[in-house]
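Source file: work17.cif. Holds: mmCIF, C-alpha atoms.
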```
data_query
loop_
_atom_site.label_atom_id
_atom_site.label_comp_id
_atom_site.auth_asym_id
_atom_site.auth_seq_id
_atom_site.Cartn_x
_atom_site.Cartn_y
_atom_site.Cartn_z
CA MET A 222 -6.37 -54.15 19.38
CA THR A 223 -10.10 -54.98 19.42
CA GLU A 224 -11.98 -53.39 16.55
CA ARG A 225 -14.46 -50.98 18.10
CA HIS A 226 -17.58 -49.83 16.33
CA GLY A 227 -19.37 -46.62 17.09
CA HIS A 228 -22.27 -44.32 16.32
CA ILE A 229 -20.74 -41.45 14.42
CA LEU A 230 -22.05 -38.00 13.54
CA VAL A 231 -20.93 -36.65 10.17
CA VAL A 232 -21.15 -32.85 9.95
CA ASP A 233 -20.63 -31.47 6.45
CA ASP A 234 -22.62 -29.05 4.32
CA ASP A 235 -21.52 -30.90 1.19
CA ARG A 236 -23.86 -33.74 0.24
CA LEU A 237 -21.19 -35.65 -1.69
CA ASN A 238 -18.87 -35.64 1.30
CA ARG A 239 -21.66 -36.83 3.56
CA LEU A 240 -22.49 -39.66 1.15
CA ARG A 241 -18.88 -40.76 0.86
CA LEU A 242 -18.26 -40.67 4.59
CA ALA A 243 -21.50 -42.50 5.38
CA HIS A 244 -20.55 -45.18 2.86
CA GLY A 245 -17.04 -45.49 4.30
CA LEU A 246 -18.38 -45.74 7.84
CA GLN A 247 -20.95 -48.36 6.89
CA GLN A 248 -18.23 -50.42 5.18
CA GLU A 249 -16.33 -50.47 8.49
CA GLY A 250 -19.37 -51.54 10.51
CA HIS A 251 -20.18 -48.19 12.12
CA THR A 252 -23.57 -46.52 12.23
CA SER A 253 -23.87 -42.86 11.37
CA ALA A 254 -26.12 -39.81 11.33
CA MET A 255 -25.73 -36.73 9.16
CA ALA A 256 -25.88 -33.02 9.93
CA GLU A 257 -25.70 -30.31 7.27
CA ASN A 258 -24.42 -27.52 9.49
CA GLY A 259 -23.05 -26.78 12.93
CA ARG A 260 -26.33 -25.76 14.52
CA GLN A 261 -28.05 -28.97 13.43
CA ALA A 262 -25.03 -30.97 14.65
CA LEU A 263 -25.22 -29.49 18.16
CA GLU A 264 -28.98 -30.18 18.35
CA MET A 265 -28.37 -33.80 17.36
CA MET A 266 -25.52 -34.22 19.85
CA ARG A 267 -27.78 -32.92 22.62
CA SER A 268 -30.59 -35.32 21.75
CA GLN A 269 -28.71 -38.58 21.12
CA PRO A 270 -25.36 -40.07 22.16
CA PHE A 271 -22.46 -40.21 19.67
CA ASP A 272 -19.10 -41.91 20.03
CA LEU A 273 -17.33 -39.57 17.63
CA VAL A 274 -17.89 -36.57 15.38
CA LEU A 275 -16.44 -36.07 11.91
CA LEU A 276 -16.56 -32.31 11.51
CA ASP A 277 -16.10 -30.15 8.43
CA ILE A 278 -14.70 -26.68 9.09
CA LEU A 279 -16.04 -24.44 6.36
CA MET A 280 -19.84 -24.47 6.63
CA PRO A 281 -22.63 -21.89 6.41
CA GLU A 282 -24.60 -20.70 9.47
CA MET A 283 -22.21 -22.13 12.06
CA ASP A 284 -18.75 -23.36 11.10
CA GLY A 285 -16.67 -26.17 12.57
CA TYR A 286 -14.70 -23.87 14.89
CA GLN A 287 -17.90 -22.58 16.49
CA VAL A 288 -19.14 -26.15 16.92
CA LEU A 289 -15.89 -27.14 18.64
CA ALA A 290 -15.99 -24.08 20.90
CA GLU A 291 -19.60 -24.82 21.94
CA MET A 292 -18.82 -28.48 22.54
CA LYS A 293 -15.92 -27.61 24.83
CA HIS A 294 -18.20 -25.35 26.90
CA ASP A 295 -20.82 -28.06 27.30
CA ASP A 296 -20.15 -30.64 30.03
CA LYS A 297 -22.18 -33.26 28.19
CA LEU A 298 -20.42 -32.80 24.84
CA ARG A 299 -16.86 -31.93 25.72
CA ASP A 300 -15.63 -35.54 25.91
CA ILE A 301 -16.96 -36.63 22.50
CA PRO A 302 -13.88 -36.96 20.27
CA VAL A 303 -13.87 -34.83 17.13
CA ILE A 304 -11.97 -35.44 13.91
CA VAL A 305 -11.88 -32.36 11.70
CA ILE A 306 -12.24 -32.85 7.96
CA SER A 307 -10.10 -30.57 5.87
CA GLY A 308 -8.03 -30.39 2.72
CA LEU A 309 -4.29 -30.79 3.19
CA ASP A 310 -3.95 -27.33 1.59
CA GLU A 311 -5.80 -25.89 4.60
CA MET A 312 -3.19 -26.62 7.26
CA ALA A 313 -4.06 -23.45 9.21
CA SER A 314 -7.67 -24.72 9.59
CA ILE A 315 -6.43 -28.09 10.82
CA VAL A 316 -4.10 -26.49 13.38
CA LYS A 317 -6.86 -24.17 14.61
CA GLY A 318 -9.26 -27.11 14.91
CA ILE A 319 -6.77 -29.13 16.96
CA LYS A 320 -6.06 -26.10 19.17
CA LEU A 321 -9.79 -25.84 19.79
CA GLY A 322 -9.84 -29.44 21.03
CA ALA A 323 -10.16 -31.73 17.98
CA GLU A 324 -8.47 -35.11 18.45
CA ASP A 325 -7.23 -35.49 14.90
CA PHE A 326 -7.89 -34.53 11.30
CA LEU A 327 -8.94 -36.35 8.17
CA PRO A 328 -7.69 -34.97 4.87
CA LYS A 329 -9.90 -34.62 1.82
CA PRO A 330 -10.22 -36.48 -0.48
CA PHE A 331 -11.02 -39.34 1.88
CA ASP A 332 -8.83 -42.37 1.94
CA PRO A 333 -10.77 -45.37 3.31
CA LEU A 334 -7.71 -46.86 5.01
CA LEU A 335 -6.82 -43.57 6.68
CA LEU A 336 -10.45 -43.09 7.74
CA LYS A 337 -10.40 -46.57 9.28
CA ALA A 338 -7.10 -45.94 11.10
CA ARG A 339 -8.16 -42.54 12.47
CA LEU A 340 -11.53 -43.88 13.65
CA SER A 341 -10.00 -46.95 15.21
CA THR A 342 -7.50 -44.90 17.23
CA CYS A 343 -10.06 -42.33 18.38
CA LEU A 344 -12.69 -44.90 19.30
CA GLU A 345 -10.15 -46.95 21.27
CA LYS A 346 -9.08 -43.82 23.17
CA LYS A 347 -12.70 -42.94 23.86
CA TRP A 348 -13.42 -46.48 25.05
CA LEU A 349 -10.47 -46.34 27.47
CA ARG A 350 -11.50 -42.86 28.66
CA ASP A 351 -15.10 -44.05 29.22
CA LYS A 352 -13.79 -47.02 31.22
CA GLU A 353 -11.61 -44.71 33.30
CA LEU A 354 -14.50 -42.34 33.99
CA GLU A 355 -16.73 -45.27 34.96
CA TYR A 356 -14.01 -46.56 37.34
CA PHE A 357 -13.75 -43.17 39.07
CA LYS A 358 -17.53 -42.97 39.33
CA HIS A 359 -17.63 -46.40 40.99
CA VAL A 360 -14.85 -45.47 43.42
CA ALA A 361 -16.97 -42.42 44.32
CA TYR A 362 -19.99 -44.70 44.93
CA LEU A 363 -17.90 -46.73 47.41
CA THR A 364 -16.79 -43.55 49.15
CA TYR A 365 -20.40 -42.35 49.47
CA ALA A 366 -21.35 -45.81 50.76
CA ALA A 367 -18.69 -45.61 53.50
CA ALA A 368 -20.03 -42.20 54.56
CA ALA A 369 -23.59 -43.59 54.51
CA VAL A 370 -22.55 -46.51 56.78
CA GLU A 371 -21.14 -44.02 59.28
CA ALA A 372 -24.30 -41.90 59.09
CA GLY A 373 -26.51 -44.99 59.45
CA THR A 374 -28.22 -44.37 56.11
CA PHE A 375 -26.53 -47.05 54.00
CA ASP A 376 -28.68 -48.73 51.35
CA PRO A 377 -27.01 -51.96 50.07
CA CYS A 378 -28.71 -51.50 46.69
CA SER A 379 -26.67 -48.34 46.13
CA LEU A 380 -23.66 -50.55 45.39
CA ALA A 381 -25.38 -52.94 42.96
CA GLU A 382 -23.71 -51.38 39.88
CA VAL A 383 -20.22 -51.49 41.40
CA ALA A 384 -20.73 -54.99 42.78
CA ALA A 385 -21.56 -56.21 39.26
CA ARG A 386 -18.02 -55.40 38.10
CA THR A 387 -15.78 -58.40 37.53
CA ASP A 388 -12.54 -56.72 38.64
CA ALA A 389 -10.96 -56.04 42.05
CA LEU A 390 -13.16 -52.97 42.61
CA GLY A 391 -16.25 -55.13 42.09
CA HIS A 392 -14.88 -57.67 44.60
CA LEU A 393 -14.26 -54.88 47.12
CA ALA A 394 -17.82 -53.62 46.61
CA ARG A 395 -19.27 -57.10 47.16
CA VAL A 396 -17.25 -57.59 50.36
CA PHE A 397 -18.26 -54.10 51.55
CA GLN A 398 -21.90 -54.77 50.67
CA SER A 399 -21.88 -58.09 52.52
CA MET A 400 -20.21 -56.63 55.62
CA ALA A 401 -22.54 -53.64 55.61
CA ARG A 402 -25.52 -55.99 55.34
CA GLU A 403 -24.24 -57.98 58.36
CA VAL A 404 -23.76 -54.80 60.38
CA HIS A 405 -27.23 -53.64 59.35
CA ALA A 406 -28.78 -56.99 60.35
CA ARG A 407 -26.97 -56.90 63.71
CA GLU A 408 -28.22 -53.39 64.31
CA GLN A 409 -31.76 -54.49 63.54
CA ARG A 410 -31.45 -57.40 66.00
CA LEU A 411 -30.11 -55.09 68.72
CA LYS A 412 -32.92 -52.62 68.06
CA GLN A 413 -35.45 -55.44 68.42
CA GLN A 414 -33.90 -56.61 71.71
CA LEU A 415 -33.84 -53.05 72.98
CA GLN A 416 -37.50 -52.64 72.11
CA GLU A 417 -38.41 -55.83 74.00
CA LEU A 418 -36.43 -54.67 77.05
CA ARG A 419 -38.22 -51.32 76.94
CA ILE A 420 -41.60 -53.10 76.99
CA GLU A 421 -40.56 -55.18 80.04
CA VAL A 422 -39.31 -52.08 81.83
CA ASP A 423 -42.52 -50.21 81.03
CA GLU A 424 -44.69 -53.05 82.41
CA ALA A 425 -42.71 -53.20 85.67
CA LYS A 426 -43.00 -49.44 85.97
CA LYS A 427 -46.78 -49.56 85.49
CA ALA A 428 -47.09 -52.31 88.17
CA ARG A 429 -45.11 -50.17 90.55
CA GLN A 430 -47.29 -47.14 89.86
CA VAL A 431 -50.48 -49.21 90.46
CA ALA A 432 -49.03 -50.56 93.71
CA GLU A 433 -48.13 -47.05 94.84
CA ILE A 434 -51.77 -46.01 94.49
CA THR A 435 -53.46 -49.16 95.89
CA GLU A 436 -51.27 -49.28 98.97
CA THR A 437 -52.13 -45.77 100.19
CA GLU A 438 -54.36 -45.14 103.29
CA TYR A 439 -56.78 -43.14 101.19
CA PHE A 440 -57.26 -46.03 98.71
CA ARG A 441 -57.85 -48.49 101.56
CA GLU A 442 -60.54 -46.20 103.02
CA LEU A 443 -62.21 -45.93 99.64
CA ARG A 444 -62.23 -49.70 99.34
CA GLN A 445 -63.86 -50.10 102.79
CA ARG A 446 -66.54 -47.52 101.94
CA ALA A 447 -67.31 -49.30 98.74
CA ARG A 448 -67.65 -52.63 100.54
CA LYS A 449 -70.06 -51.07 103.12
CA LEU A 450 -72.17 -49.52 100.39
CA ARG A 451 -72.44 -52.88 98.63
CA GLN A 452 -73.52 -54.60 101.97
CA ALA A 453 -76.10 -51.87 102.72
CA SER A 454 -77.73 -52.26 99.34
CA MET B 291 -14.89 -41.71 -24.70
CA SER B 292 -14.45 -38.79 -22.31
CA GLU B 293 -13.35 -35.39 -23.58
CA PRO B 294 -9.57 -35.12 -23.31
CA GLY B 295 -8.37 -32.99 -20.46
CA ALA B 296 -11.69 -32.54 -18.67
CA ILE B 297 -11.21 -35.55 -16.40
CA ASP B 298 -7.94 -36.92 -15.03
CA GLN B 299 -8.46 -40.65 -15.52
CA ALA B 300 -6.00 -41.60 -12.77
CA ARG B 301 -7.90 -39.52 -10.20
CA PHE B 302 -11.20 -40.93 -11.37
CA ALA B 303 -9.78 -44.44 -10.98
CA ALA B 304 -8.61 -43.49 -7.48
CA LEU B 305 -12.16 -42.41 -6.64
CA LEU B 306 -13.50 -45.76 -7.84
CA GLU B 307 -10.87 -47.52 -5.75
CA SER B 308 -11.77 -45.42 -2.69
CA VAL B 309 -15.35 -46.72 -2.89
CA GLN B 310 -13.97 -50.26 -3.12
CA GLY B 311 -15.10 -50.66 -6.71
CA ASP B 312 -18.76 -50.23 -5.82
CA GLY B 313 -20.07 -49.19 -9.25
CA ALA B 314 -23.62 -48.49 -8.06
CA PHE B 315 -22.36 -46.19 -5.33
CA LEU B 316 -20.03 -44.44 -7.78
CA ALA B 317 -23.01 -43.84 -10.08
CA GLU B 318 -24.92 -42.34 -7.13
CA LEU B 319 -21.96 -40.05 -6.42
CA LEU B 320 -21.78 -39.03 -10.08
CA ASP B 321 -25.49 -38.24 -10.19
CA THR B 322 -25.18 -36.21 -7.00
CA PHE B 323 -22.21 -34.28 -8.36
CA LEU B 324 -24.03 -33.51 -11.62
CA ALA B 325 -27.07 -32.37 -9.65
CA GLU B 326 -25.14 -30.26 -7.12
CA ALA B 327 -22.53 -28.61 -9.32
CA PRO B 328 -24.99 -26.33 -11.24
CA ASN B 329 -26.41 -25.22 -7.86
CA LEU B 330 -22.94 -24.33 -6.63
CA LEU B 331 -22.19 -22.40 -9.83
CA ALA B 332 -25.50 -20.56 -9.43
CA ALA B 333 -24.68 -19.84 -5.78
CA MET B 334 -21.39 -18.32 -6.92
CA GLN B 335 -23.21 -16.14 -9.47
CA GLN B 336 -25.64 -14.93 -6.81
CA ALA B 337 -22.84 -14.26 -4.35
CA LEU B 338 -21.00 -12.22 -6.97
CA ALA B 339 -24.16 -10.24 -7.75
CA ARG B 340 -24.43 -9.40 -4.02
CA GLN B 341 -20.68 -8.79 -3.76
CA ASP B 342 -20.77 -11.46 -1.05
CA ALA B 343 -17.17 -12.66 -0.78
CA ALA B 344 -17.91 -15.17 2.00
CA GLY B 345 -20.73 -16.74 -0.03
CA LEU B 346 -18.47 -16.99 -3.07
CA ARG B 347 -15.77 -18.65 -0.99
CA LEU B 348 -18.15 -21.21 0.48
CA ALA B 349 -19.66 -22.34 -2.84
CA ALA B 350 -16.27 -22.31 -4.61
CA HIS B 351 -14.77 -24.36 -1.77
CA SER B 352 -17.37 -27.12 -2.17
CA LEU B 353 -17.11 -27.30 -5.95
CA LYS B 354 -13.32 -27.23 -5.71
CA SER B 355 -13.11 -30.36 -3.56
CA ASN B 356 -15.93 -32.20 -5.35
CA SER B 357 -14.52 -31.62 -8.82
CA ARG B 358 -11.03 -32.58 -7.64
CA ASP B 359 -12.37 -35.90 -6.31
CA PHE B 360 -13.87 -36.68 -9.73
CA GLY B 361 -10.63 -35.82 -11.50
CA ALA B 362 -11.93 -32.51 -12.91
CA VAL B 363 -8.57 -30.89 -12.26
CA ALA B 364 -9.03 -27.72 -14.37
CA LEU B 365 -12.45 -26.99 -12.87
CA SER B 366 -11.07 -27.59 -9.38
CA GLY B 367 -8.22 -25.15 -10.13
CA LEU B 368 -10.63 -22.43 -11.27
CA CYS B 369 -12.72 -22.95 -8.14
CA LEU B 370 -9.60 -22.70 -5.99
CA GLU B 371 -8.88 -19.29 -7.58
CA LEU B 372 -12.45 -18.17 -6.90
CA GLU B 373 -12.24 -19.47 -3.33
CA THR B 374 -9.00 -17.56 -2.80
CA MET B 375 -10.62 -14.36 -4.14
CA GLY B 376 -13.56 -14.88 -1.80
CA LYS B 377 -11.28 -15.51 1.15
CA ALA B 378 -9.27 -12.37 0.41
CA GLY B 379 -12.44 -10.37 -0.21
CA THR B 380 -11.17 -9.13 -3.57
CA LEU B 381 -13.74 -9.93 -6.23
CA ALA B 382 -12.09 -8.10 -9.16
CA GLY B 383 -11.83 -10.58 -12.05
CA ALA B 384 -14.08 -13.10 -10.31
CA ALA B 385 -16.85 -12.78 -12.92
CA GLU B 386 -14.46 -13.75 -15.73
CA LYS B 387 -13.07 -16.61 -13.69
CA LEU B 388 -16.57 -17.86 -12.93
CA ALA B 389 -17.47 -17.70 -16.64
CA GLN B 390 -14.43 -19.92 -17.34
CA ALA B 391 -15.54 -22.30 -14.62
CA GLU B 392 -18.99 -22.59 -16.19
CA VAL B 393 -17.49 -23.43 -19.58
CA GLU B 394 -15.18 -25.95 -17.96
CA TYR B 395 -18.08 -27.49 -16.07
CA ASP B 396 -19.87 -28.13 -19.39
CA ARG B 397 -16.82 -30.12 -20.52
CA VAL B 398 -16.69 -31.98 -17.22
CA ARG B 399 -20.39 -32.81 -17.37
CA ALA B 400 -20.05 -34.23 -20.86
CA ALA B 401 -16.99 -36.25 -19.85
CA LEU B 402 -18.63 -37.61 -16.71
CA ALA B 403 -21.85 -38.41 -18.57
CA ALA B 404 -19.76 -40.47 -21.00
CA LEU B 405 -18.06 -42.26 -18.11
CA ARG B 406 -21.42 -42.82 -16.43
CA SER B 407 -22.87 -44.50 -19.52
CA ALA B 408 -19.70 -46.58 -19.91
CA GLU B 409 -20.00 -47.93 -16.34
#
```

Would you mind writing the file out in structure tokens?
Amino acid sequence: MTERHGHILVVDDDRLNRLRLAHGLQQEGHTSAMAENGRQALEMMRSQPFDLVLLDILMPEMDGYQVLAEMKHDDKLRDIPVIVISGLDEMASIVKGIKLGAEDFLPKPFDPLLLKARLSTCLEKKWLRDKELEYFKHVAYLTYAAAAVEAGTFDPCSLAEVAARTDALGHLARVFQSMAREVHAREQRLKQQLQELRIEVDEAKKARQVAEITETEYFRELRQRARKLRQAS
Amino acid sequence: MSEPGAIDQARFAALLESVQGDGAFLAELLDTFLAEAPNLLAAMQQALARQDAAGLRLAAHSLKSNSRDFGAVALSGLCLELETMGKAGTLAGAAEKLAQAEVEYDRVRAALAALRSAE
């Protein structure tokens, strides 16, 4: 399994715990940010992206359960994996945290090897989930593109992100993009030809209209009068 | 030499191992503990004065886990009792228990200071 590194938010009111976790994370090549309570943690999560949250349960102001509950009600935060930090003597807290949506738990005192194992598993799962979500998003782009082709509003640039993929979906997007471009170019050529034909038709119509006027008896009389006036002067 | 009984040497060694033998970082942790512990004891005193069981529980909880990590087993045990009282909301006997914790902390501080200078 590839070792994945992430940006991790440590939420703990205890400074010693924050120091130890930050040190452990740094040793494993992760970057981290610290929050001292639940409210601060939520503000940070809403202002910068995190790959994972290490969350203490018992905290002043807003505890870990409230943080989990808020995260699960927020579309932008609900998919960030959470590992709750708790003493093994607080099994009820751990169970409640997992019921509220935490991925796993980390017992206190921290064991560096266990921290590494828990992080590795959670980050791998998150990576796979992110890939899956991206795949579904790209499939949706292709579906929108097909609808846009039918509606005549297709923009080939709309598939640039999908076409950059190196897998089968990327290949499909490139083929689709290329075919859609050909269809678009053909349409443009046909429109041009149609425009030229319209101009020819319009000119013939104008000539006919002129002829209809100049060939009338009234127009001939006018012409004769004009000639006589020119001779008289 | 540390005072006998105040610090469990095996647990202290485990803490050193958990920070991969990083002596400078261990010293930083020790300094932080010695700076934070009096604040937590004071927070417990204030919570008791207000009859604030939740406040007592919170401060006792922190000092319990911190002292346990440093091998201060007796102090951690006293804090666990205070935390349990706070959780249950029954503060009878908490003042006496807190007084014991303060005495025990003095022993722990002396023991850790000795370990700190030996590092």

If we count all atoms listed in the file, which residues of chain A reach to within 10 Å of chain B? Please list them as an NGL selection string. :A and (234-238 or 240-241 or 244-245 or 248 or 279-281 or 307-308 or 329-334)

Please evaluate the PyMOL selection byres ((chain A and resi 345-353) around 8) against the displayed coordinates and give the resulting residues as JSON, numbers by chain. {"A": [225, 272, 301, 302, 341, 342, 343, 344, 354, 355, 356, 357]}

Check the smallest atom-to-atom distance from each of B:Ala343, B:Ala385, B:Ala401, B:Ala333 to Phe302 in chain B using all atoms listed in the file, then report the winner.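 Of B:Ala343, B:Ala385, B:Ala401, B:Ala333, the one nearest Phe302 in chain B, counting all atoms listed in the file, is B:Ala401.
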
Evaluate the PyMOL selection byres ((chain A and resi 386-394) around 10) on the structure here and hand back the selected residues as a ChimeraX atom specification. /A:356,359-360,362-363,366,377,380-385,395-400

Assuming the chain letters and numbering stay as they are in my file, what does the PyMOL selection byres ((chain B and resi 296) around 12) actually select? List them as a ChimeraX atom specification. /B:291-295,297-299,301-302,357-358,360-367,391,393-405

Export C-alpha atoms of the chosen residues as a PDB file, in the coordinates of the input?
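Okay, this is what ended up in selection.pdb:
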```
ATOM      1  CA  MET B 291     -14.890 -41.710 -24.700  1.00  0.00           C
ATOM      2  CA  SER B 292     -14.450 -38.790 -22.310  1.00  0.00           C
ATOM      3  CA  GLU B 293     -13.350 -35.390 -23.580  1.00  0.00           C
ATOM      4  CA  PRO B 294      -9.570 -35.120 -23.310  1.00  0.00           C
ATOM      5  CA  GLY B 295      -8.370 -32.990 -20.460  1.00  0.00           C
ATOM      6  CA  ILE B 297     -11.210 -35.550 -16.400  1.00  0.00           C
ATOM      7  CA  ASP B 298      -7.940 -36.920 -15.030  1.00  0.00           C
ATOM      8  CA  GLN B 299      -8.460 -40.650 -15.520  1.00  0.00           C
ATOM      9  CA  ARG B 301      -7.900 -39.520 -10.200  1.00  0.00           C
ATOM     10  CA  PHE B 302     -11.200 -40.930 -11.370  1.00  0.00           C
ATOM     11  CA  SER B 357     -14.520 -31.620  -8.820  1.00  0.00           C
ATOM     12  CA  ARG B 358     -11.030 -32.580  -7.640  1.00  0.00           C
ATOM     13  CA  PHE B 360     -13.870 -36.680  -9.730  1.00  0.00           C
ATOM     14  CA  GLY B 361     -10.630 -35.820 -11.500  1.00  0.00           C
ATOM     15  CA  ALA B 362     -11.930 -32.510 -12.910  1.00  0.00           C
ATOM     16  CA  VAL B 363      -8.570 -30.890 -12.260  1.00  0.00           C
ATOM     17  CA  ALA B 364      -9.030 -27.720 -14.370  1.00  0.00           C
ATOM     18  CA  LEU B 365     -12.450 -26.990 -12.870  1.00  0.00           C
ATOM     19  CA  SER B 366     -11.070 -27.590  -9.380  1.00  0.00           C
ATOM     20  CA  GLY B 367      -8.220 -25.150 -10.130  1.00  0.00           C
ATOM     21  CA  ALA B 391     -15.540 -22.300 -14.620  1.00  0.00           C
ATOM     22  CA  VAL B 393     -17.490 -23.430 -19.580  1.00  0.00           C
ATOM     23  CA  GLU B 394     -15.180 -25.950 -17.960  1.00  0.00           C
ATOM     24  CA  TYR B 395     -18.080 -27.490 -16.070  1.00  0.00           C
ATOM     25  CA  ASP B 396     -19.870 -28.130 -19.390  1.00  0.00           C
ATOM     26  CA  ARG B 397     -16.820 -30.120 -20.520  1.00  0.00           C
ATOM     27  CA  VAL B 398     -16.690 -31.980 -17.220  1.00  0.00           C
ATOM     28  CA  ARG B 399     -20.390 -32.810 -17.370  1.00  0.00           C
ATOM     29  CA  ALA B 400     -20.050 -34.230 -20.860  1.00  0.00           C
ATOM     30  CA  ALA B 401     -16.990 -36.250 -19.850  1.00  0.00           C
ATOM     31  CA  LEU B 402     -18.630 -37.610 -16.710  1.00  0.00           C
ATOM     32  CA  ALA B 403     -21.850 -38.410 -18.570  1.00  0.00           C
ATOM     33  CA  ALA B 404     -19.760 -40.470 -21.000  1.00  0.00           C
ATOM     34  CA  LEU B 405     -18.060 -42.260 -18.110  1.00  0.00           C
TER      35      LEU B 405
END
```

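CA of Leu331 in chain B to CA of Arg406 in chain B spans 21.5 Å [interatomic distance, one decimal].
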